[in-house]
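Undergrad: Take a look at run06.cif, mmCIF, C-alpha atoms:
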data_protein
loop_
_atom_site.label_atom_id
_atom_site.label_comp_id
_atom_site.auth_asym_id
_atom_site.auth_seq_id
_atom_site.Cartn_x
_atom_site.Cartn_y
_atom_site.Cartn_z
CA MET A 29 -72.15 208.07 209.46
CA PRO A 30 -69.20 205.98 210.69
CA THR A 31 -65.66 207.32 210.38
CA LEU A 32 -62.70 205.20 209.38
CA GLY A 33 -59.33 205.80 211.00
CA ASN A 34 -56.94 204.25 213.46
CA ASP A 35 -57.35 203.64 217.13
CA TRP A 36 -54.76 204.74 219.70
CA SER A 37 -52.57 201.70 219.00
CA GLY A 38 -52.57 202.32 215.24
CA GLU A 39 -54.95 199.48 214.41
CA PRO A 40 -57.52 200.19 211.67
CA ALA A 41 -60.78 201.17 213.29
CA VAL A 42 -64.28 202.35 212.57
CA PHE A 43 -65.81 204.95 214.85
CA PHE A 44 -69.55 205.08 215.24
CA MET A 45 -71.07 208.21 216.71
CA ILE A 46 -74.62 207.29 217.60
CA ILE A 47 -77.17 209.93 218.38
CA LEU A 48 -79.78 208.83 220.88
CA ALA A 49 -83.17 210.34 221.53
CA ASP A 50 -83.02 212.37 224.72
CA ALA A 51 -85.35 209.93 226.46
CA ALA A 52 -83.08 207.01 225.52
CA SER A 53 -80.00 208.77 226.88
CA ARG A 54 -81.42 209.10 230.39
CA ARG A 55 -79.02 207.60 232.86
CA ASP A 56 -81.36 204.78 233.89
CA GLN A 57 -81.77 203.75 230.24
CA LEU A 58 -78.31 204.42 228.92
CA LEU A 59 -76.52 201.12 229.55
CA LYS A 60 -79.36 199.03 228.17
CA VAL A 61 -79.71 201.18 225.06
CA THR A 62 -75.98 201.51 224.29
CA ASN A 63 -75.39 197.79 224.79
CA ARG A 64 -78.27 196.94 222.50
CA VAL A 65 -77.13 199.31 219.76
CA SER A 66 -73.47 198.32 219.82
CA THR A 67 -74.25 194.59 219.98
CA LEU A 68 -76.63 194.91 217.03
CA ILE A 69 -74.04 196.73 214.93
CA VAL A 70 -71.31 194.22 215.79
CA GLN A 71 -73.60 191.31 214.91
CA GLN A 72 -74.99 192.80 211.70
CA VAL A 73 -71.95 194.61 210.27
CA GLN A 74 -69.23 192.38 211.76
CA PRO A 75 -66.63 195.14 211.42
CA LEU A 76 -63.68 193.03 212.53
CA GLU A 77 -64.57 189.76 210.81
CA GLN A 78 -65.79 191.21 207.50
CA TRP A 79 -63.83 194.44 207.22
CA GLY A 80 -60.82 194.03 209.47
CA VAL A 81 -61.53 197.13 211.52
CA LEU A 82 -62.12 197.39 215.25
CA PRO A 83 -65.42 199.05 216.08
CA TYR A 84 -65.62 201.89 218.59
CA PHE A 85 -68.84 203.42 219.83
CA ASP A 86 -69.67 206.78 221.23
CA PHE A 87 -73.08 208.06 222.13
CA ARG A 88 -74.63 211.48 222.37
CA SER A 89 -78.08 212.71 223.08
CA GLN A 90 -80.02 214.53 220.40
CA SER A 91 -79.86 217.79 222.33
CA GLU A 92 -76.08 217.49 222.81
CA GLN A 93 -75.64 216.85 219.11
CA ALA A 94 -77.79 219.84 218.22
CA ARG A 95 -75.62 222.03 220.45
CA ILE A 96 -72.23 220.69 219.32
CA GLY A 97 -72.75 219.65 215.71
CA PRO A 98 -70.83 216.94 213.88
CA GLN A 99 -67.20 216.19 214.72
CA SER A 100 -64.92 213.37 213.71
CA LEU A 101 -63.75 210.83 216.24
CA ALA A 102 -60.97 209.36 214.14
CA SER A 103 -57.50 210.13 215.36
CA MET B 17 -62.62 199.34 249.46
CA THR B 18 -59.91 198.60 246.89
CA PHE B 19 -58.13 201.28 244.92
CA ALA B 20 -60.09 200.26 241.79
CA ASP B 21 -63.39 200.60 243.67
CA ASP B 22 -62.24 203.96 244.95
CA LEU B 23 -61.52 205.18 241.43
CA LEU B 24 -64.91 204.02 240.22
CA ALA B 25 -66.60 205.76 243.14
CA LEU B 26 -64.74 208.94 242.21
CA THR B 27 -66.23 208.83 238.72
CA GLN B 28 -69.71 208.50 240.25
CA ASP B 29 -68.99 211.52 242.44
CA ILE B 30 -68.11 213.54 239.35
CA ALA B 31 -71.14 212.28 237.44
CA ASN B 32 -73.39 213.20 240.35
CA LEU B 33 -72.25 216.80 240.37
CA PRO B 34 -74.95 219.23 239.24
CA SER B 35 -75.02 219.72 235.46
CA GLU B 36 -73.62 223.25 235.67
CA ALA B 37 -70.47 221.76 237.25
CA HIS B 38 -69.92 219.46 234.28
CA ARG B 39 -66.99 221.36 232.86
CA GLN B 40 -64.78 219.65 230.28
CA ALA B 41 -62.08 219.03 232.88
CA ASN B 42 -64.53 217.17 235.12
CA LEU B 43 -66.01 215.10 232.33
CA ARG B 44 -62.63 214.22 230.86
CA ARG B 45 -61.26 213.23 234.28
CA ALA B 46 -64.30 211.00 234.86
CA VAL B 47 -63.87 209.21 231.51
CA SER B 48 -60.17 208.71 232.10
CA THR B 49 -60.59 207.62 235.73
CA ALA B 50 -63.27 205.07 234.80
CA TYR B 51 -60.78 203.41 232.45
CA TYR B 52 -58.12 203.39 235.14
CA ALA B 53 -60.59 201.86 237.57
CA LEU B 54 -60.97 198.86 235.25
CA PHE B 55 -57.24 198.80 234.48
CA HIS B 56 -56.37 198.59 238.19
CA LEU B 57 -59.17 196.14 238.94
CA LEU B 58 -57.81 193.62 236.43
CA ILE B 59 -54.22 194.08 237.55
CA SER B 60 -55.08 193.73 241.22
CA GLU B 61 -57.12 190.60 240.48
CA ALA B 62 -54.21 189.12 238.55
CA THR B 63 -51.68 189.87 241.25
CA LEU B 64 -53.90 188.37 243.96
CA ASN B 65 -52.70 185.02 242.66
CA TRP B 66 -49.19 185.83 243.83
CA ALA B 67 -48.70 184.30 247.26
CA ARG B 68 -46.52 187.07 248.69
CA PRO B 69 -48.71 190.17 249.15
CA GLU B 70 -45.72 192.49 249.64
CA LEU B 71 -44.51 191.70 246.11
CA ARG B 72 -47.85 192.13 244.34
CA PRO B 73 -47.30 195.81 243.47
CA ILE B 74 -44.04 194.89 241.73
CA LEU B 75 -45.82 192.17 239.77
CA GLY B 76 -48.53 194.67 238.89
CA ARG B 77 -45.96 196.92 237.22
CA LEU B 78 -45.40 194.18 234.61
CA PHE B 79 -48.84 194.89 233.17
CA ASP B 80 -49.05 197.51 230.46
CA HIS B 81 -51.82 199.13 228.45
CA GLY B 82 -50.72 197.70 225.08
CA PRO B 83 -50.61 193.99 225.93
CA MET B 84 -53.82 194.36 227.96
CA TYR B 85 -55.45 195.91 224.89
CA SER B 86 -54.19 193.11 222.61
CA ALA B 87 -55.41 190.42 224.99
CA SER B 88 -58.81 192.08 225.24
CA VAL B 89 -59.20 192.48 221.46
CA ALA B 90 -58.30 188.81 221.01
CA LYS B 91 -60.71 187.69 223.73
CA GLU B 92 -63.54 189.81 222.33
CA ALA B 93 -63.03 188.34 218.84
CA GLU B 94 -62.91 184.81 220.25
CA LEU B 95 -66.11 185.30 222.24
CA ASN B 96 -67.95 187.00 219.37
CA ALA B 97 -67.15 183.92 217.26
CA TYR B 98 -68.40 181.69 220.09
CA PHE B 99 -71.73 183.55 220.30
CA LYS B 100 -72.13 183.49 216.54
CA GLY B 101 -72.65 179.74 216.92
CA ASN B 102 -75.71 180.36 219.14
CA PRO B 103 -74.51 178.21 222.03
CA PRO B 104 -77.30 176.85 224.28
CA GLU B 105 -77.89 178.30 227.74
CA SER B 106 -75.26 176.91 230.08
CA ALA B 107 -72.85 177.93 232.79
CA GLU B 108 -70.15 178.19 230.13
CA ARG B 109 -72.25 180.60 228.10
CA THR B 110 -72.94 182.75 231.16
CA VAL B 111 -69.23 182.99 231.94
CA ALA B 112 -68.50 183.81 228.30
CA GLN B 113 -71.10 186.59 228.32
CA HIS B 114 -69.58 188.22 231.38
CA LEU B 115 -66.06 187.83 230.03
CA LEU B 116 -67.17 189.45 226.78
CA THR B 117 -68.58 192.35 228.78
CA VAL B 118 -65.25 192.83 230.56
CA SER B 119 -63.02 192.50 227.50
CA LYS B 120 -65.08 194.70 225.17
CA THR B 121 -65.51 197.31 227.88
CA PHE B 122 -61.75 197.39 228.39
CA VAL B 123 -61.14 198.07 224.68
CA GLN B 124 -63.84 200.74 224.42
CA ALA B 125 -62.91 202.42 227.70
CA GLN B 126 -59.25 202.58 226.77
CA GLN B 127 -59.94 204.40 223.50
CA ARG B 128 -62.31 206.81 225.26
CA ARG B 129 -59.64 207.47 227.86
CA ILE B 130 -57.10 208.37 225.16
CA ASP B 131 -59.61 210.73 223.54
CA ALA B 132 -60.54 212.27 226.88
CA ASP B 133 -56.93 212.86 227.82
CA TYR B 134 -55.41 213.90 224.49
CA ASN B 135 -58.00 214.65 221.81
CA MET B 136 -59.00 218.27 222.30
CA ARG B 137 -60.66 218.65 218.89
CA GLY B 138 -64.09 217.81 220.17
CA GLU B 139 -66.18 218.13 223.27
CA VAL B 140 -66.75 215.29 225.72
CA THR B 141 -70.44 215.21 226.57
CA GLU B 142 -72.34 214.08 229.63
CA THR B 143 -73.80 211.16 227.66
CA GLU B 144 -70.34 209.98 226.59
CA THR B 145 -69.14 210.29 230.17
CA LEU B 146 -72.09 208.39 231.60
CA THR B 147 -71.73 205.69 228.94
CA GLN B 148 -68.14 205.17 230.06
CA ILE B 149 -69.00 205.10 233.77
CA GLU B 150 -72.03 202.84 233.39
CA SER B 151 -70.23 200.36 231.15
CA VAL B 152 -67.21 200.16 233.46
CA THR B 153 -69.56 199.69 236.42
CA GLU B 154 -71.20 196.83 234.54
CA ALA B 155 -67.78 195.33 233.81
CA PHE B 156 -66.96 195.43 237.53
CA LYS B 157 -70.18 193.50 238.25
CA SER B 158 -69.46 190.97 235.51
CA TRP B 159 -65.94 190.48 236.78
CA ASP B 160 -67.19 189.87 240.30
CA ILE B 161 -69.36 187.03 238.98
CA ILE B 162 -66.63 185.26 237.00
CA ARG B 163 -63.47 186.11 238.92
CA GLY B 164 -63.06 182.53 240.15
CA GLU B 165 -63.43 180.95 236.71
CA THR B 166 -60.41 179.48 234.99
CA THR B 167 -61.20 181.21 231.68
CA ALA B 168 -61.37 184.56 233.47
CA GLN B 169 -58.05 183.93 235.18
CA ALA B 170 -56.50 182.86 231.88
CA TYR B 171 -57.64 186.16 230.37
CA LEU B 172 -55.80 188.01 233.14
CA LEU B 173 -52.68 186.00 232.47
CA SER B 174 -52.89 186.72 228.74
CA MET B 175 -52.75 190.43 229.57
CA LEU B 176 -49.09 190.09 230.42
CA GLY B 177 -48.45 189.74 226.69
CA ASN B 178 -46.34 187.24 224.86
CA LYS B 179 -42.62 186.63 225.06
CA ASP B 180 -41.76 188.47 221.83
CA ARG B 181 -43.53 191.61 222.97
CA ARG B 182 -41.89 191.57 226.39
CA GLU B 183 -38.46 191.14 224.81
CA LYS B 184 -39.15 194.03 222.44
CA ARG B 185 -39.97 196.25 225.39
CA ALA B 186 -36.88 195.17 227.29
CA ASN B 187 -34.56 195.45 224.27
CA PRO B 188 -35.99 197.95 221.80
CA PRO B 189 -34.46 197.62 218.32
CA LYS B 190 -31.44 199.88 217.86
CA ARG B 191 -31.83 202.71 215.41
CA PRO B 192 -29.33 202.86 212.59
CA LYS B 193 -26.58 205.38 213.26
CA ARG B 194 -26.85 208.65 211.42
CA ARG B 195 -23.81 209.73 209.50
CA GLU B 196 -24.56 213.39 209.88
CA SER B 197 -25.81 214.83 213.11
CA LYS B 198 -26.18 218.45 212.26
CA GLN B 199 -29.69 218.70 213.59
CA PRO B 200 -30.07 219.60 217.25
CA PRO B 201 -31.42 216.82 219.49
CA ILE B 202 -35.18 216.79 220.01
CA THR B 203 -36.00 217.57 223.60
#
Go through the file and emit its structure as structure tokens.
TA:
Amino acid sequence: MPTLGNDWSGEPAVFFMIILADAASRRDQLLKVTNRVSTLIVQQVQPLEQWGVLPYFDFRSQSEQARIGPQSLAS
Amino acid sequence: MTFADDLLALTQDIANLPSEAHRQANLRRAVSTAYYALFHLLISEATLNWARPELRPILGRLFDHGPMYSASVAKEAELNAYFKGNPPESAERTVAQHLLTVSKTFVQAQQRRIDADYNMRGEVTETETLTQIESVTEAFKSWDIIRGETTAQAYLLSMLGNKDRREKRANPPKRPKRRESKQPPIT
């Protein structure tokens, strides 16, 4: 679930916390997977063009998320 | 090895530590340092255009996080619009793709750096740290490919900010005088 808030400069922003399967968050896969996911969201949702919010992306593995639990990224 | 390369190598050193050494302090320093690696790369590339090497550090001090952020947000929006038009394969498209990688990485890395340095509400994970390091590493590679291109150099120049912003920084607006000053000054 994305979180709405402001980025560090005060601009309206949407923060996506994306949970990846552990296999997809391996270091040799990570860049490819995160680029694909963020590009897809930017193209499909168009956060800046359609909603006027800057998109920010953070990624966690499934096992990290299970250990930590949900937390908001909005500041 | 440049200072920016050195910073990026430091993040790799931290990432390569055994998992049990991945304390919050290490992970947060790696996220923050990766941003600063990109920050210093772009500044050093911009100042290379100055003919007098001994004055480049002074020129570099004119760059600031805010205007660099604004320039990167604007460039990312411009390039997203360009790619929306499905441009055909060309040298121009390749340059645009690499420039998009650099500008969007700058924006993302900067926000992650702020969170890593100041937001103590949550935990910074290994995956978040590696995402930051890998994306900044990719931005270094992209920059190396396009560093000679005019559009890339124009992006660097835009990071100095516009005249209004520079004047605001030099002459911040004066606060209205308070009639009563009973409160102690904030220190």
Undergrad: List the residues selected by the PyMOL selection byres ((chain B and resi 92) around 12) in the file shown, writing them as a VMD selection string.
TA: (chain A and resid 67 70 76 to 77 82 to 83) or (chain B and resid 85 to 91 93 to 99 112 to 124 171)
Undergrad: Evaluating the PyMOL selection byres ((chain B) within 8 of (chain A)) on the displayed file yields which residues, as a list of chain:residue names?
TA: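 After applying the PyMOL selection byres ((chain B) within 8 of (chain A)), what remains is B:Gly82, B:Ala93, B:Gln124, B:Gln127, B:Ile130, B:Asn135, B:Gly138, B:Glu139, B:Thr141, B:Thr143, B:Glu144, B:Leu146, B:Thr147, B:Glu150, B:Ser151.
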Undergrad: What does the file look like for those residues with C-alpha atoms, as a PDB file, keeping the file's coordinate frame?
TA:
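Wrote out_7.pdb, looks like this:
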ATOM      1  CA  GLY B  82     -50.720 197.700 225.080  1.00  0.00           C
ATOM      2  CA  ALA B  93     -63.030 188.340 218.840  1.00  0.00           C
ATOM      3  CA  GLN B 124     -63.840 200.740 224.420  1.00  0.00           C
ATOM      4  CA  GLN B 127     -59.940 204.400 223.500  1.00  0.00           C
ATOM      5  CA  ILE B 130     -57.100 208.370 225.160  1.00  0.00           C
ATOM      6  CA  ASN B 135     -58.000 214.650 221.810  1.00  0.00           C
ATOM      7  CA  GLY B 138     -64.090 217.810 220.170  1.00  0.00           C
ATOM      8  CA  GLU B 139     -66.180 218.130 223.270  1.00  0.00           C
ATOM      9  CA  THR B 141     -70.440 215.210 226.570  1.00  0.00           C
ATOM     10  CA  THR B 143     -73.800 211.160 227.660  1.00  0.00           C
ATOM     11  CA  GLU B 144     -70.340 209.980 226.590  1.00  0.00           C
ATOM     12  CA  LEU B 146     -72.090 208.390 231.600  1.00  0.00           C
ATOM     13  CA  THR B 147     -71.730 205.690 228.940  1.00  0.00           C
ATOM     14  CA  GLU B 150     -72.030 202.840 233.390  1.00  0.00           C
ATOM     15  CA  SER B 151     -70.230 200.360 231.150  1.00  0.00           C
TER      16      SER B 151
END
Undergrad: For CA of Ala41 (chain B) and CA of Ala94 (chain A), quote the distance in Å rounded to one decimal.
TA: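 It comes out at 21.5 Å.
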Undergrad: Would you write out, as a PyMOL selection string, every residue that the PyMOL selection byres ((chain B and resi 20-30) around 7) captures in this file?
TA: chain B and resi 17-19+31-33+42+46+49-50+53-54+56-57+149
Undergrad: As an exercise, work out the distance from CA of Leu43 (chain B) to CA of Thr145 (chain B) in Å and give it to one decimal place.
TA: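 So the answer is 6.1 Å.
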Undergrad: Which of these residues is nearest to Trp159 (chain B), using all atoms listed in the file: B:Lys100, B:Ala62, B:Arg44, B:Arg137?
TA: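 Smallest separation from Trp159 (chain B) among the options: B:Ala62.
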Undergrad: Between CA of Pro103 (chain B) and CA of Gly177 (chain B), what is the distance, to one decimal in Å?
TA: 28.9 Å
Undergrad: Using only C-alpha atoms, can you list as a list in words the residues within 7 Å of (-64.0, 205.0, 212.1)?
TA: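 Residues with an atom at most 7 Å from (-64.0, 205.0, 212.1): Pro30, Thr31, Leu32, Gly33, Ala41, Val42, Phe43, Phe44 and Ala102 of chain A.
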Undergrad: Give me the residues near Ser48 (chain B) as a compact mmCIF listing (two decimals) with C-alpha atoms, in the frame of the given file, where near means some atom within 8 Å (using all atoms listed in the file) and where sequence neighbours in that chain fewer than 6 positions away do not count.
TA:
# COMPACT_ATOMS: atom_id res chain seq x y z
CA ARG B 128 -62.31 206.81 225.26
CA ARG B 129 -59.64 207.47 227.86
CA ILE B 130 -57.10 208.37 225.16
CA ALA B 132 -60.54 212.27 226.88
CA ASP B 133 -56.93 212.86 227.82
Undergrad: So, counting all atoms listed in the file, which residue among B:Asn102, B:Thr153, B:Ser174, B:Ser60 is closest to Ala125 (chain B)?
TA: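 That would be B:Thr153, the residue with the smallest distance to Ala125 (chain B).
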